[in-house]
file start-v3.cif (mmCIF, C-alpha atoms)
data_coords
loop_
_atom_site.label_atom_id
_atom_site.label_comp_id
_atom_site.auth_asym_id
_atom_site.auth_seq_id
_atom_site.Cartn_x
_atom_site.Cartn_y
_atom_site.Cartn_z
CA MET A 138 -8.98 11.09 23.58
CA ASN A 139 -11.43 13.29 21.71
CA LYS A 140 -13.96 11.64 19.41
CA ILE A 141 -12.95 12.21 15.79
CA GLN A 142 -15.08 11.65 12.68
CA TYR A 143 -13.63 11.62 9.18
CA GLU A 144 -15.49 10.98 5.93
CA THR A 145 -13.57 9.28 3.14
CA GLU A 146 -13.75 6.27 0.80
CA LEU A 147 -12.47 2.72 1.15
CA TYR A 148 -11.18 0.68 -1.80
CA ASN A 149 -11.43 -3.10 -1.32
CA ALA A 150 -8.30 -4.09 -3.25
CA THR A 151 -8.46 -7.75 -2.21
CA ARG A 152 -12.02 -8.22 -3.46
CA ALA A 153 -11.20 -6.37 -6.68
CA PHE A 154 -8.15 -8.55 -7.31
CA LEU A 155 -10.01 -11.82 -6.67
CA SER A 156 -12.94 -10.75 -8.83
CA ILE A 157 -10.69 -9.83 -11.76
CA LEU A 158 -8.65 -12.99 -11.23
CA ILE A 159 -11.81 -15.07 -11.66
CA ALA A 160 -13.67 -13.00 -14.26
CA TYR A 161 -10.71 -12.12 -16.48
CA PRO A 162 -9.49 -15.58 -17.59
CA GLY A 163 -13.07 -16.88 -17.39
CA SER A 164 -14.32 -14.35 -19.95
CA LEU A 165 -11.43 -15.16 -22.28
CA ILE A 166 -12.10 -18.91 -22.06
CA LEU A 167 -15.84 -18.41 -22.67
CA TRP A 168 -15.18 -16.20 -25.68
CA ILE A 169 -12.71 -18.67 -27.21
CA PHE A 170 -15.20 -21.51 -26.62
CA PHE A 171 -17.98 -19.41 -28.19
CA CYS A 172 -15.85 -18.58 -31.24
CA ARG A 173 -14.86 -22.20 -31.83
CA SER A 174 -18.41 -23.44 -31.37
CA LEU A 175 -19.81 -21.00 -33.95
CA ASN A 176 -16.71 -20.93 -36.16
CA VAL A 177 -16.33 -17.17 -35.76
CA PRO A 178 -13.69 -15.86 -38.23
CA GLY A 179 -10.31 -14.99 -36.76
CA MET A 180 -10.51 -11.41 -38.04
CA ILE A 181 -13.46 -10.92 -35.67
CA SER A 182 -12.54 -13.11 -32.70
CA PHE A 183 -8.91 -12.00 -32.41
CA PRO A 184 -9.57 -8.23 -32.03
CA ILE A 185 -12.24 -8.96 -29.40
CA CYS A 186 -9.79 -11.18 -27.50
CA ILE A 187 -7.30 -8.31 -27.54
CA PHE A 188 -10.02 -5.94 -26.29
CA VAL A 189 -10.93 -8.28 -23.42
CA PHE A 190 -7.22 -8.52 -22.57
CA VAL A 191 -6.72 -4.73 -22.30
CA ALA A 192 -10.21 -3.86 -20.95
CA PRO A 193 -9.16 -3.84 -17.25
CA MET A 194 -6.55 -1.19 -18.05
CA ILE A 195 -8.93 0.93 -20.16
CA PHE A 196 -11.73 0.83 -17.60
CA SER A 197 -9.54 0.78 -14.47
CA LYS A 198 -11.29 3.82 -12.90
CA ARG A 199 -14.74 2.33 -13.40
CA ILE A 200 -13.60 -1.04 -12.05
CA LYS A 201 -12.15 0.64 -8.95
CA ALA A 202 -15.42 2.52 -8.46
CA LEU A 203 -17.29 -0.81 -8.23
CA PHE A 204 -15.16 -1.81 -5.25
CA THR A 205 -15.04 1.59 -3.52
CA SER A 206 -17.37 2.42 -0.64
CA LYS A 207 -18.19 5.69 1.09
CA ILE A 208 -17.31 5.41 4.77
CA LEU A 209 -17.22 7.33 8.02
CA LEU A 210 -14.21 6.75 10.26
CA GLU A 211 -14.67 7.29 13.99
CA MET A 212 -11.92 7.30 16.60
CA ASP A 213 -12.39 7.75 20.34
CA GLY A 214 -10.79 6.57 23.57
CA ASN A 215 -12.01 2.99 23.13
CA SER A 216 -11.91 2.07 19.48
CA PHE A 217 -11.39 2.71 15.80
CA SER A 218 -14.52 2.09 13.73
CA ILE A 219 -15.52 2.08 10.06
CA SER A 220 -19.14 2.80 9.11
CA TYR A 221 -20.11 1.89 5.55
CA LEU A 222 -22.56 4.46 4.16
CA ASN A 223 -25.07 4.05 1.36
CA SER A 224 -24.48 5.88 -1.92
CA GLU A 225 -26.41 8.97 -0.74
CA GLU A 226 -24.66 8.92 2.68
CA GLU A 227 -28.06 8.91 4.39
CA TYR A 228 -27.61 5.89 6.64
CA VAL A 229 -25.06 3.31 7.82
CA GLU A 230 -25.27 -0.05 6.03
CA LYS A 231 -22.79 -1.82 8.34
CA ARG A 232 -20.17 -0.97 10.93
CA LYS A 233 -16.92 -2.60 11.99
CA ILE A 234 -15.30 -1.76 15.32
CA TYR A 235 -11.66 -2.41 16.26
CA SER A 236 -10.80 -1.98 19.94
CA TRP A 237 -7.56 -0.13 20.70
CA ASP A 238 -6.83 -2.69 23.42
CA ASN A 239 -6.57 -5.44 20.79
CA ILE A 240 -4.28 -3.48 18.44
CA GLN A 241 -0.56 -4.12 18.90
CA SER A 242 0.91 -2.02 16.11
CA TYR A 243 0.13 -0.31 12.82
CA ASN A 244 1.86 0.87 9.70
CA PHE A 245 1.05 3.18 6.80
CA TYR A 246 1.94 2.94 3.17
CA PHE A 247 1.58 6.21 1.35
CA GLY A 248 2.01 6.48 -2.42
CA GLU A 249 4.03 9.62 -3.07
CA LYS A 250 3.00 9.55 -6.75
CA THR A 251 -0.66 8.97 -5.82
CA PRO A 252 -1.23 10.77 -2.50
CA THR A 253 -4.96 10.12 -2.61
CA ILE A 254 -4.28 6.51 -1.50
CA THR A 255 -3.48 5.94 2.17
CA ALA A 256 -2.97 2.28 3.09
CA LEU A 257 -3.28 1.42 6.78
CA THR A 258 -2.48 -1.99 8.26
CA LEU A 259 -3.50 -2.90 11.81
CA HIS A 260 -1.65 -5.71 13.61
CA PHE A 261 -3.74 -7.26 16.38
CA LYS A 262 -2.77 -9.02 19.60
CA LYS A 263 -5.26 -11.71 18.61
CA GLY A 264 -6.12 -12.42 14.99
CA LEU A 265 -4.64 -11.75 11.57
CA PRO A 266 -3.58 -8.26 10.39
CA LYS A 267 -6.17 -6.14 8.60
CA SER A 268 -5.32 -3.76 5.75
CA PHE A 269 -7.36 -0.84 4.46
CA ASN A 270 -6.92 1.29 1.33
CA PHE A 271 -8.45 4.69 2.01
CA VAL A 272 -9.09 7.16 -0.80
CA ASP A 273 -8.92 10.86 0.10
CA LYS A 274 -10.33 12.60 -2.98
CA GLN A 275 -9.78 16.02 -1.44
CA PHE A 276 -6.06 15.47 -2.06
CA GLU A 277 -6.35 14.60 -5.77
CA ASP A 278 -4.32 17.68 -6.74
CA THR A 279 -1.70 17.16 -4.03
CA LYS A 280 1.73 16.59 -5.53
CA SER A 281 3.68 15.11 -2.63
CA PHE A 282 3.56 13.50 0.79
CA ASN A 283 4.89 16.68 2.45
CA GLU A 284 2.08 18.79 0.94
CA MET A 285 -0.53 16.41 2.30
CA LEU A 286 0.92 16.60 5.81
CA LYS A 287 0.29 20.36 5.87
CA GLY A 288 -3.46 19.72 5.90
CA GLU A 289 -5.77 17.57 7.98
CA CYS A 290 -5.75 14.07 6.51
CA LEU A 291 -6.34 10.54 7.76
CA LEU A 292 -2.63 10.01 8.38
CA THR A 293 -2.18 13.07 10.62
CA ILE A 294 -5.48 12.46 12.45
CA PHE A 295 -4.64 8.81 13.17
CA CYS A 296 -1.11 9.64 14.35
CA ASN A 297 -2.41 12.34 16.70
CA GLN A 298 -4.91 9.86 18.15
CA MET A 299 -2.11 7.35 18.71
CA LYS A 300 -0.02 10.00 20.42
CA GLN A 301 -2.91 10.75 22.81
CA TYR A 302 -3.66 7.05 23.38
CA ASN A 303 -0.05 6.19 24.25
CA THR A 304 0.35 9.14 26.66
CA GLY A 305 0.58 7.86 30.22
CA ARG A 306 0.63 4.19 29.24
CA ILE A 307 3.53 1.83 29.87
CA GLU A 308 5.53 0.56 26.87
CA ALA A 309 3.77 -2.84 26.83
CA ASP A 310 0.32 -1.25 26.57
CA GLN A 311 1.16 1.28 23.85
CA ILE A 312 0.30 0.91 20.16
CA HIS A 313 3.53 1.15 18.18
CA LEU A 314 4.29 2.26 14.65
CA SER A 315 5.59 -0.62 12.53
CA PRO A 316 8.04 0.03 9.65
CA GLY A 317 6.42 -2.44 7.24
CA PHE A 318 7.96 -5.64 5.87
CA PHE A 319 10.63 -4.30 3.49
CA ALA A 320 11.74 -1.67 6.02
CA SER A 321 11.89 -4.21 8.88
CA LYS A 322 14.80 -6.42 9.94
CA THR A 323 13.07 -9.46 8.41
CA GLY A 324 12.66 -7.61 5.11
CA SER A 325 16.28 -6.50 5.20
CA ILE A 326 17.50 -10.07 5.76
CA SER A 327 15.26 -11.28 2.91
CA ILE A 328 16.76 -8.72 0.53
CA TYR A 329 20.30 -9.75 1.53
CA LEU A 330 19.43 -13.43 0.96
CA ILE A 331 17.95 -12.67 -2.48
CA ALA A 332 21.07 -10.66 -3.38
CA ALA A 333 23.31 -13.54 -2.25
CA LEU A 334 21.31 -16.09 -4.27
CA ILE A 335 21.42 -13.92 -7.41
CA THR A 336 25.18 -13.44 -6.97
CA LEU A 337 25.70 -17.20 -6.62
CA ALA A 338 23.48 -17.82 -9.66
CA ILE A 339 25.55 -15.40 -11.76
CA ILE A 340 28.84 -17.03 -10.64
CA PHE A 341 27.43 -20.51 -11.36
CA HIS A 342 26.21 -19.33 -14.76
CA LEU A 343 29.64 -17.92 -15.66
CA ILE A 344 31.32 -21.20 -14.71
CA VAL A 345 28.86 -23.66 -16.29
CA ALA A 346 27.45 -21.80 -19.32
CA PRO A 347 29.22 -18.48 -19.86
CA LYS A 348 28.05 -18.16 -23.50
CA SER A 349 24.33 -18.63 -22.83
CA SER A 350 21.82 -15.83 -22.23
CA PHE A 351 21.71 -13.87 -18.98
CA ALA A 352 18.07 -12.78 -19.58
CA THR A 353 16.59 -14.84 -16.72
CA LEU A 354 19.18 -13.57 -14.25
CA LEU A 355 18.54 -9.98 -15.35
CA ILE A 356 14.89 -10.41 -14.33
CA GLY A 357 16.08 -11.38 -10.84
CA VAL A 358 18.39 -8.35 -10.71
CA GLY A 359 15.47 -6.13 -11.73
CA LEU A 360 13.29 -7.52 -8.94
CA LEU A 361 16.08 -7.04 -6.41
CA THR A 362 16.51 -3.43 -7.52
CA SER A 363 12.78 -2.77 -7.09
CA PHE A 364 12.85 -4.32 -3.58
CA ILE A 365 15.79 -2.12 -2.56
CA SER A 366 14.05 0.96 -3.95
CA LYS A 367 10.84 0.11 -2.09
CA ARG A 368 12.79 -0.43 1.14
CA GLN A 369 14.37 3.03 0.82
CA ARG A 370 10.96 4.65 0.26
CA LEU A 371 9.43 2.82 3.23
CA LEU A 372 12.32 3.77 5.53
CA LYS A 373 11.94 7.41 4.52
CA LEU A 374 8.18 7.26 5.09
CA TYR A 375 8.62 5.49 8.45
CA LYS A 376 10.98 8.20 9.63
CA LYS A 377 8.52 10.98 8.70
CA ILE A 378 5.53 9.28 10.33
CA ASN A 379 7.58 8.47 13.42
CA GLU A 380 8.29 12.19 13.76
CA LEU A 381 4.53 12.85 13.75
CA VAL A 382 3.85 10.25 16.43
CA ASN A 383 6.71 11.25 18.72
#
call {"tool": "encode", "arguments": {"input": "start-v3.cif", "output": "structure tokens"}}
result
Amino acid sequence: MNKIQYETELYNATRAFLSILIAYPGSLILWIFFCRSLNVPGMISFPICIFVFVAPMIFSKRIKALFTSKILLEMDGNSFSISYLNSEEEYVEKRKIYSWDNIQSYNFYFGEKTPTITALTLHFKKGLPKSFNFVDKQFEDTKSFNEMLKGECLLTIFCNQMKQYNTGRIEADQIHLSPGFFASKTGSISIYLIAALITLAIIFHLIVAPKSSFATLLIGVGLLTSFISKRQRLLKLYKKINELVN
């Protein structure tokens, strides 16, 4: 395998979520406590509470920037590594190495509406899976998944490396493409079970309380519809990536 280097950015979605989960309700509680302690009029405190509530949506780009790092990806015959660069890209702050021998499978999630985001999950022979959200800013104007595949991107580079790695190796030693949860057999069974439970709930509702509201059940139907839609997208994506690998 040839040594490949690829500069991109990495968004730490888990850290961002946990930080917002802690800071968001905490700031609201502190502001309410502050207002009550100083008897701040409602006409002042209420608008600020609303602002705090919608602030993450207004400043979403800036918040993402706080949890986005410039990185250098390196792939060779032995490993896949991520080097975290400083803001000026002058030196490596830290480096994480993942040996190919310890990787059992991988899967990609690619947002067709936001092709700049490429999510890669590595499943290891030992240890928990590791997910990465890479940001390819050079594809900001790309409109679709097919357009992105025409150029050199992380997805095509990684798949070509996997093709080279698996060449000449027996099935047990190869690194396989995984379809992702909703596109897997387990995900399919889960969707069928959810559909069966919702159907039973509707039948039970019609028998016991036919005149009451169906609003709660409609929420379940909406979730089921979104799961089915996501499964279809993942199956389509899996088929396309599988064509690249094979």
call {"tool": "atom_distance", "arguments": {"input": "start-v3.cif", "atom1": "atom CA of A:Asn303", "atom2": "atom CA of A:Lys376"}}
result
18.4 Å
call {"tool": "resolve_selection", "arguments": {"input": "start-v3.cif", "expression": "the PyMOL selection byres ((chain A and resi 325-338) around 12)", "output": "PyMOL selection string"}}
result
chain A and resi 316-324+339-347+351+353-369+371-372
call {"tool": "atom_distance", "arguments": {"input": "start-v3.cif", "atom1": "atom CA of A:Tyr221", "atom2": "atom CA of A:Lys207"}}
result
6.2 Å
call {"tool": "residues_around", "arguments": {"input": "start-v3.cif", "residues": "A:Val272", "least_positions_apart": "6", "cutoff": "9 Å", "atoms": "all atoms listed in the file", "output": "list in words"}}
result
Thr145, Glu146, Leu147, Tyr148, Thr205, Pro252, Thr253, Ile254, Thr255 and Ala256 of chain A
call {"tool": "atom_distance", "arguments": {"input": "start-v3.cif", "atom1": "atom CA of A:Lys262", "atom2": "atom CA of A:Asn244"}}
result
14.7 Å
